[in-house]
>>> print(open('structure39.cif').read())   # mmCIF, C-alpha atoms; chains and numbers go by the auth columns
data_my_file
#
loop_
_atom_site.group_PDB
_atom_site.id
_atom_site.type_symbol
_atom_site.label_atom_id
_atom_site.label_comp_id
_atom_site.label_asym_id
_atom_site.label_seq_id
_atom_site.Cartn_x
_atom_site.Cartn_y
_atom_site.Cartn_z
_atom_site.B_iso_or_equiv
_atom_site.auth_seq_id
_atom_site.auth_asym_id
ATOM 1 C CA MET A 1 0.000 0.000 0.000 0.00 1 A
ATOM 2 C CA ALA A 2 1.148 3.508 -0.794 0.00 2 A
ATOM 3 C CA LYS A 3 0.534 6.510 1.434 0.00 3 A
ATOM 4 C CA VAL A 4 0.332 10.258 0.837 0.00 4 A
ATOM 5 C CA ASP A 5 0.189 12.816 3.661 0.00 5 A
ATOM 6 C CA GLU A 6 -0.102 16.533 3.005 0.00 6 A
ATOM 7 C CA MET A 7 -0.654 19.481 5.363 0.00 7 A
ATOM 8 C CA GLN A 8 -1.316 23.177 4.899 0.00 8 A
ATOM 9 C CA ALA A 9 -1.228 25.790 7.658 0.00 9 A
ATOM 10 C CA LEU A 10 -3.834 28.507 7.112 0.00 10 A
ATOM 11 C CA ALA A 11 -4.273 31.948 8.659 0.00 11 A
ATOM 12 C CA ALA A 12 -8.019 31.438 9.243 0.00 12 A
ATOM 13 C CA SER A 13 -9.613 29.703 12.221 0.00 13 A
ATOM 14 C CA ALA A 14 -10.373 25.983 12.122 0.00 14 A
ATOM 15 C CA GLU A 15 -14.067 26.840 12.465 0.00 15 A
ATOM 16 C CA THR A 16 -13.980 29.122 9.410 0.00 16 A
ATOM 17 C CA VAL A 17 -12.076 26.640 7.237 0.00 17 A
ATOM 18 C CA TRP A 18 -14.229 23.689 8.338 0.00 18 A
ATOM 19 C CA GLY A 19 -17.278 25.803 7.511 0.00 19 A
ATOM 20 C CA LEU A 20 -16.122 25.728 3.889 0.00 20 A
ATOM 21 C CA ILE A 21 -14.600 22.269 3.494 0.00 21 A
ATOM 22 C CA GLY A 22 -16.514 20.243 6.091 0.00 22 A
ATOM 23 C CA GLY A 23 -19.577 19.592 3.967 0.00 23 A
ATOM 24 C CA TYR A 24 -19.201 16.248 2.207 0.00 24 A
ATOM 25 C CA ASP A 25 -20.451 17.792 -1.040 0.00 25 A
ATOM 26 C CA ALA A 26 -18.352 20.996 -0.734 0.00 26 A
ATOM 27 C CA LEU A 27 -15.329 20.024 -2.870 0.00 27 A
ATOM 28 C CA SER A 28 -16.666 21.943 -5.878 0.00 28 A
ATOM 29 C CA GLU A 29 -16.651 25.104 -3.730 0.00 29 A
ATOM 30 C CA TRP A 30 -12.910 25.009 -3.022 0.00 30 A
ATOM 31 C CA HIS A 31 -11.011 22.395 -5.065 0.00 31 A
ATOM 32 C CA PRO A 32 -10.018 23.679 -8.517 0.00 32 A
ATOM 33 C CA ALA A 33 -10.310 20.235 -10.183 0.00 33 A
ATOM 34 C CA VAL A 34 -13.916 19.619 -9.102 0.00 34 A
ATOM 35 C CA GLU A 35 -16.624 21.224 -11.194 0.00 35 A
ATOM 36 C CA ARG A 36 -19.670 19.743 -9.478 0.00 36 A
ATOM 37 C CA SER A 37 -20.557 17.526 -6.526 0.00 37 A
ATOM 38 C CA VAL A 38 -23.872 15.701 -6.163 0.00 38 A
ATOM 39 C CA LEU A 39 -24.854 13.688 -3.104 0.00 39 A
ATOM 40 C CA GLU A 40 -26.609 10.335 -3.479 0.00 40 A
ATOM 41 C CA ALA A 41 -27.679 7.494 -1.169 0.00 41 A
ATOM 42 C CA GLY A 42 -28.847 9.805 1.591 0.00 42 A
ATOM 43 C CA GLY A 43 -25.642 11.849 1.478 0.00 43 A
ATOM 44 C CA ARG A 44 -23.199 8.940 1.910 0.00 44 A
ATOM 45 C CA ILE A 45 -22.103 8.903 -1.758 0.00 45 A
ATOM 46 C CA ARG A 46 -20.786 11.882 -3.697 0.00 46 A
ATOM 47 C CA ARG A 47 -20.478 11.965 -7.458 0.00 47 A
ATOM 48 C CA LEU A 48 -17.772 14.422 -8.477 0.00 48 A
ATOM 49 C CA SER A 49 -17.659 15.857 -11.993 0.00 49 A
ATOM 50 C CA LEU A 50 -14.083 16.849 -12.784 0.00 50 A
ATOM 51 C CA ARG A 51 -13.054 19.841 -14.857 0.00 51 A
ATOM 52 C CA GLY A 52 -11.904 18.575 -18.231 0.00 52 A
ATOM 53 C CA GLY A 53 -14.060 15.439 -17.943 0.00 53 A
ATOM 54 C CA GLY A 54 -14.231 12.381 -15.756 0.00 54 A
ATOM 55 C CA THR A 55 -16.295 11.375 -12.758 0.00 55 A
ATOM 56 C CA LEU A 56 -15.399 10.057 -9.323 0.00 56 A
ATOM 57 C CA LEU A 57 -17.814 8.127 -7.133 0.00 57 A
ATOM 58 C CA GLU A 58 -16.796 8.336 -3.474 0.00 58 A
ATOM 59 C CA ARG A 59 -18.358 6.860 -0.332 0.00 59 A
ATOM 60 C CA GLN A 60 -18.190 8.587 3.033 0.00 60 A
ATOM 61 C CA GLN A 61 -16.771 6.167 5.606 0.00 61 A
ATOM 62 C CA ALA A 62 -16.674 8.366 8.715 0.00 62 A
ATOM 63 C CA PHE A 63 -17.613 11.898 9.754 0.00 63 A
ATOM 64 C CA SER A 64 -17.013 13.873 12.951 0.00 64 A
ATOM 65 C CA GLU A 65 -18.150 17.451 13.319 0.00 65 A
ATOM 66 C CA ARG A 66 -16.448 17.607 16.729 0.00 66 A
ATOM 67 C CA GLU A 67 -13.114 16.381 15.300 0.00 67 A
ATOM 68 C CA ARG A 68 -13.613 18.401 12.080 0.00 68 A
ATOM 69 C CA SER A 69 -12.793 15.314 10.046 0.00 69 A
ATOM 70 C CA TYR A 70 -14.220 12.932 7.491 0.00 70 A
ATOM 71 C CA ALA A 71 -12.977 9.799 5.756 0.00 71 A
ATOM 72 C CA TYR A 72 -14.006 8.457 2.370 0.00 72 A
ATOM 73 C CA SER A 73 -13.169 5.797 -0.190 0.00 73 A
ATOM 74 C CA ILE A 74 -13.183 5.862 -3.983 0.00 74 A
ATOM 75 C CA GLU A 75 -15.602 3.387 -5.511 0.00 75 A
ATOM 76 C CA GLU A 76 -15.227 4.347 -9.184 0.00 76 A
ATOM 77 C CA GLY A 77 -13.094 6.759 -11.131 0.00 77 A
ATOM 78 C CA PRO A 78 -10.202 7.404 -13.495 0.00 78 A
ATOM 79 C CA LEU A 79 -7.439 7.641 -10.872 0.00 79 A
ATOM 80 C CA PRO A 80 -4.645 5.012 -10.913 0.00 80 A
ATOM 81 C CA VAL A 81 -5.572 3.656 -7.453 0.00 81 A
ATOM 82 C CA ALA A 82 -7.462 0.784 -5.835 0.00 82 A
ATOM 83 C CA GLN A 83 -8.494 0.232 -2.215 0.00 83 A
ATOM 84 C CA TYR A 84 -8.253 4.001 -1.737 0.00 84 A
ATOM 85 C CA ARG A 85 -9.196 5.472 1.638 0.00 85 A
ATOM 86 C CA SER A 86 -8.613 9.084 2.569 0.00 86 A
ATOM 87 C CA THR A 87 -9.104 11.422 5.519 0.00 87 A
ATOM 88 C CA LEU A 88 -9.518 15.200 5.428 0.00 88 A
ATOM 89 C CA SER A 89 -9.301 17.078 8.731 0.00 89 A
ATOM 90 C CA VAL A 90 -8.864 20.557 10.173 0.00 90 A
ATOM 91 C CA ARG A 91 -7.041 21.231 13.446 0.00 91 A
ATOM 92 C CA ASP A 92 -6.855 24.468 15.416 0.00 92 A
ATOM 93 C CA ARG A 93 -3.290 25.732 15.975 0.00 93 A
ATOM 94 C CA GLY A 94 -4.371 27.624 19.109 0.00 94 A
ATOM 95 C CA ALA A 95 -3.679 31.138 20.361 0.00 95 A
ATOM 96 C CA GLY A 96 -5.203 32.761 17.274 0.00 96 A
ATOM 97 C CA ARG A 97 -2.544 31.207 15.005 0.00 97 A
ATOM 98 C CA GLY A 98 -4.994 29.788 12.477 0.00 98 A
ATOM 99 C CA CYS A 99 -5.365 26.118 11.642 0.00 99 A
ATOM 100 C CA GLU A 100 -3.850 23.199 9.795 0.00 100 A
ATOM 101 C CA VAL A 101 -5.611 21.139 7.152 0.00 101 A
ATOM 102 C CA TYR A 102 -4.456 17.526 6.816 0.00 102 A
ATOM 103 C CA TRP A 103 -5.255 15.357 3.815 0.00 103 A
ATOM 104 C CA SER A 104 -3.981 11.792 3.769 0.00 104 A
ATOM 105 C CA GLY A 105 -4.663 8.681 1.756 0.00 105 A
ATOM 106 C CA ASP A 106 -3.730 5.011 1.602 0.00 106 A
ATOM 107 C CA PHE A 107 -4.119 3.048 -1.616 0.00 107 A
ATOM 108 C CA ALA A 108 -2.756 0.363 -3.891 0.00 108 A
ATOM 109 C CA PRO A 109 -1.454 1.581 -7.263 0.00 109 A
ATOM 110 C CA ALA A 110 -3.604 0.368 -10.172 0.00 110 A
ATOM 111 C CA GLY A 111 -2.546 0.681 -13.793 0.00 111 A
ATOM 112 C CA ALA A 112 0.475 2.819 -12.885 0.00 112 A
ATOM 113 C CA SER A 113 3.707 2.524 -10.939 0.00 113 A
ATOM 114 C CA GLU A 114 3.601 3.344 -7.236 0.00 114 A
ATOM 115 C CA SER A 115 5.615 6.522 -7.787 0.00 115 A
ATOM 116 C CA ASP A 116 3.243 7.674 -10.549 0.00 116 A
ATOM 117 C CA ALA A 117 0.133 6.909 -8.473 0.00 117 A
ATOM 118 C CA VAL A 118 1.629 8.753 -5.477 0.00 118 A
ATOM 119 C CA ALA A 119 2.438 11.743 -7.709 0.00 119 A
ATOM 120 C CA VAL A 120 -1.168 11.883 -8.983 0.00 120 A
ATOM 121 C CA ILE A 121 -2.691 11.765 -5.498 0.00 121 A
ATOM 122 C CA ARG A 122 -0.142 14.220 -4.076 0.00 122 A
ATOM 123 C CA GLY A 123 -0.940 16.590 -6.949 0.00 123 A
ATOM 124 C CA ILE A 124 -4.672 16.399 -6.198 0.00 124 A
ATOM 125 C CA TYR A 125 -4.112 17.096 -2.500 0.00 125 A
ATOM 126 C CA ARG A 126 -1.674 19.951 -3.154 0.00 126 A
ATOM 127 C CA ALA A 127 -3.995 21.610 -5.693 0.00 127 A
ATOM 128 C CA GLY A 128 -6.779 21.687 -3.100 0.00 128 A
ATOM 129 C CA LEU A 129 -4.565 22.767 -0.215 0.00 129 A
ATOM 130 C CA ASP A 130 -2.880 25.454 -2.320 0.00 130 A
ATOM 131 C CA ALA A 131 -6.320 26.810 -3.278 0.00 131 A
ATOM 132 C CA LEU A 132 -7.203 26.992 0.436 0.00 132 A
ATOM 133 C CA ALA A 133 -3.931 28.828 1.166 0.00 133 A
ATOM 134 C CA LYS A 134 -4.731 31.314 -1.561 0.00 134 A
ATOM 135 C CA ARG A 135 -8.210 31.850 -0.137 0.00 135 A
ATOM 136 C CA PHE A 136 -7.394 31.978 3.600 0.00 136 A
ATOM 137 C CA GLY A 137 -3.710 32.900 3.662 0.00 137 A
ATOM 138 C CA ASP A 138 -0.693 30.662 4.174 0.00 138 A
ATOM 139 C CA ALA A 139 0.350 30.528 7.833 0.00 139 A
ATOM 140 C CA SER A 140 3.416 28.258 7.434 0.00 140 A
#
>>> encode(input="structure39.cif", output="C-alpha cells")
Amino acid sequence: MAKVDEMQALAASAETVWGLIGGYDALSEWHPAVERSVLEAGGRIRRLSLRGGGTLLERQQAFSERERSYAYSIEEGPLPVAQYRSTLSVRDRGAGRGCEVYWSGDFAPAGASESDAVAVIRGIYRAGLDALAKRFGDAS
C-alpha cells in the first residue's frame, strides 16, 4: 500500500475553514479540479464531476463534526488507485494562530507505478490545499 500525507497551515480559524470544506459535497466550492458535486444514497455517496471530464464516485466512511474530520473511499473513477481510503481534517493551531488542514490517503497503485500513483494523489491534494492557502492565507 502507498501513502500520501499533506498538510497546509492557514491563517483562518479551524471553524472558518471547516465551515467551507466540512460539507461532504463541498469540494466543488474550493477544489479547482472539481466542477460539481452531487450527493446520493442519503448523502453517503458523492459523485464528483471533474473539470476537463471524468467522474469520481466516493463513499463517506466516517464523519465527525467535533473532530472536524471525514474519511471516504473511492468506488469508481479514473485515478490510478485501488483500495483508496482518505481522511480530510482541520485542526486548530491555538492562540489565534490559524489552523492546519491535513489530507492523507492510503491506496494500492492500479494501472500505474507506485511513484506515478503517489504523484497523482499528491498533486490532487496539493492543488486543493494550495487553493485553500490562496483563499485563507498561508500561515506556514
>>> resolve_selection(input="structure39.cif", expression="the PyMOL selection byres ((chain A and resi 39) around 12)", output="list in words")
Gly23, Tyr24, Asp25, Ala26, Leu27, Ser28, Arg36, Ser37, Val38, Glu40, Ala41, Gly42, Gly43, Arg44, Ile45, Arg46, Arg47, Leu48, Ser49, Leu56, Leu57, Glu58, Arg59 and Gln60 of chain A
>>> closest_residue(input="structure39.cif", among="A:Ser86, A:Ala11, A:Ala139, A:Gly128", to="Ala33 in chain A", atoms="only C-alpha atoms")
A:Gly128
>>> atom_distance(input="structure39.cif", atom1="CA of Val34 in chain A", atom2="CA of Gly111 in chain A")
22.6 Å
>>> closest_residue(input="structure39.cif", among="A:Ala127, A:Val81, A:Ile74, A:Met7", to="Ser115 in chain A", atoms="all atoms listed in the file")
A:Val81
>>> closest_residue(input="structure39.cif", among="A:Thr55, A:Gln61, A:Ser104, A:Ser69", to="Ser89 in chain A", atoms="only C-alpha atoms")
A:Ser69
>>> atom_distance(input="structure39.cif", atom1="CA of Ala95 in chain A", atom2="CA of Glu29 in chain A")
28.0 Å
>>> residues_around(input="structure39.cif", residues="Phe107 in chain A", least_positions_apart="5", cutoff="8 Å", atoms="all atoms listed in the file", output="NGL selection string")
:A and (1-3 or 81-85)
>>> closest_residue(input="structure39.cif", among="A:Pro32, A:Pro80, A:Gly94, A:Gly54", to="Glu15 in chain A", atoms="all atoms listed in the file")
A:Gly94
>>> atom_distance(input="structure39.cif", atom1="CA of Leu132 in chain A", atom2="CA of Gly98 in chain A")
12.6 Å
>>> residues_around(input="structure39.cif", residues="Val101 in chain A", least_positions_apart="5", cutoff="10 Å", atoms="all atoms listed in the file", output="PyMOL selection string")
chain A and resi 6-10+14+17-18+21+68-69+88-92+129+132-133
>>> closest_residue(input="structure39.cif", among="A:Phe136, A:Gly96, A:Gly22, A:Leu79", to="Gly123 in chain A", atoms="all atoms listed in the file")
A:Leu79
>>> closest_residue(input="structure39.cif", among="A:Gly105, A:Ala112, A:Ala131, A:Leu50", to="Tyr72 in chain A", atoms="all atoms listed in the file")
A:Gly105
